[in-house]
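Only one structure is covered here, and it is reproduced in the block below.
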Amino acid sequence: MLETLAAEFREHATGRRGGSQVFITTHQPYFVDALTPEEVWVLEKGKDGFSTIKRASEDPLIKNLVHEGLPLGGLWYSDYLDNRDNG
């Protein structure tokens, strides 16, 4: 069902120049399994209270792991999408 929702959203959201942008927030790793790293943005709240945003595809490790067949939701659940720079 989540794959169907993601596919319908992708069909609606792609190919429209100048159209609206829609962000869907979720705490459901299985939803992002149906998406590509280019379609997933990670928001993280910093210690200063401000959030940063980055595309999952900006991380070479994430891109490589997904290319090897690992599901993006599983990587999220295993903390691969967290900011590893914070130590």
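The way I read the labels, and the way they are meant: chains A, B, ... in the order of the structure tokens, residue 1 as the first residue of every chain, and ligand 1 as the first ligand shown, with later ones counted on from there.
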
So that I can see what lies close to Pro71 (chain A), please list as a list of chain:residue names the residues with an atom at most 12 Å from it, counting only C-alpha atoms and leaving out residues fewer than 6 positions away in the same chain.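 The filter keeps A:Pro29, A:Tyr30, A:Phe31, A:Val32, A:Asp33, A:Ala34, A:Leu35, A:Thr36, A:Pro37, A:Ile62, A:Lys63, A:Asn64, A:Leu65, A:Tyr77, A:Ser78, A:Tyr80.
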
Do you know which residues are at most 8 Å from region 55-59 of chain A counting only C-alpha atoms, after dropping those on the same chain fewer than 4 positions away, and could you put them as a PyMOL selection string? chain A and resi 37-42+63+81

So how many Å separate CA of Ser51 (chain A) and CA of Leu75 (chain A), to one decimal? 21.0 Å

Choose the residue, out of A:Gly46, A:Leu61, A:Trp76, A:Ala7, that has the smallest atom-to-atom separation from Thr26 (chain A); count only C-alpha atoms.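 For Thr26 (chain A), the nearest of the candidates is A:Trp76.
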
Separation of CA of Asp82 (chain A) from CA of Leu43 (chain A) in Å: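 So the answer is 9.2 Å.
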
Write down as JSON, numbers by chain the residues of region 34-84 of chain A whose backbone DSSP state falls under strand (DSSP E or B). {"A": [41, 42, 43, 44, 45, 51, 52, 53, 54, 55]}

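Straight-line separation from CA of Gly49 (chain A) to CA of Phe23 (chain A): 20.5 Å.
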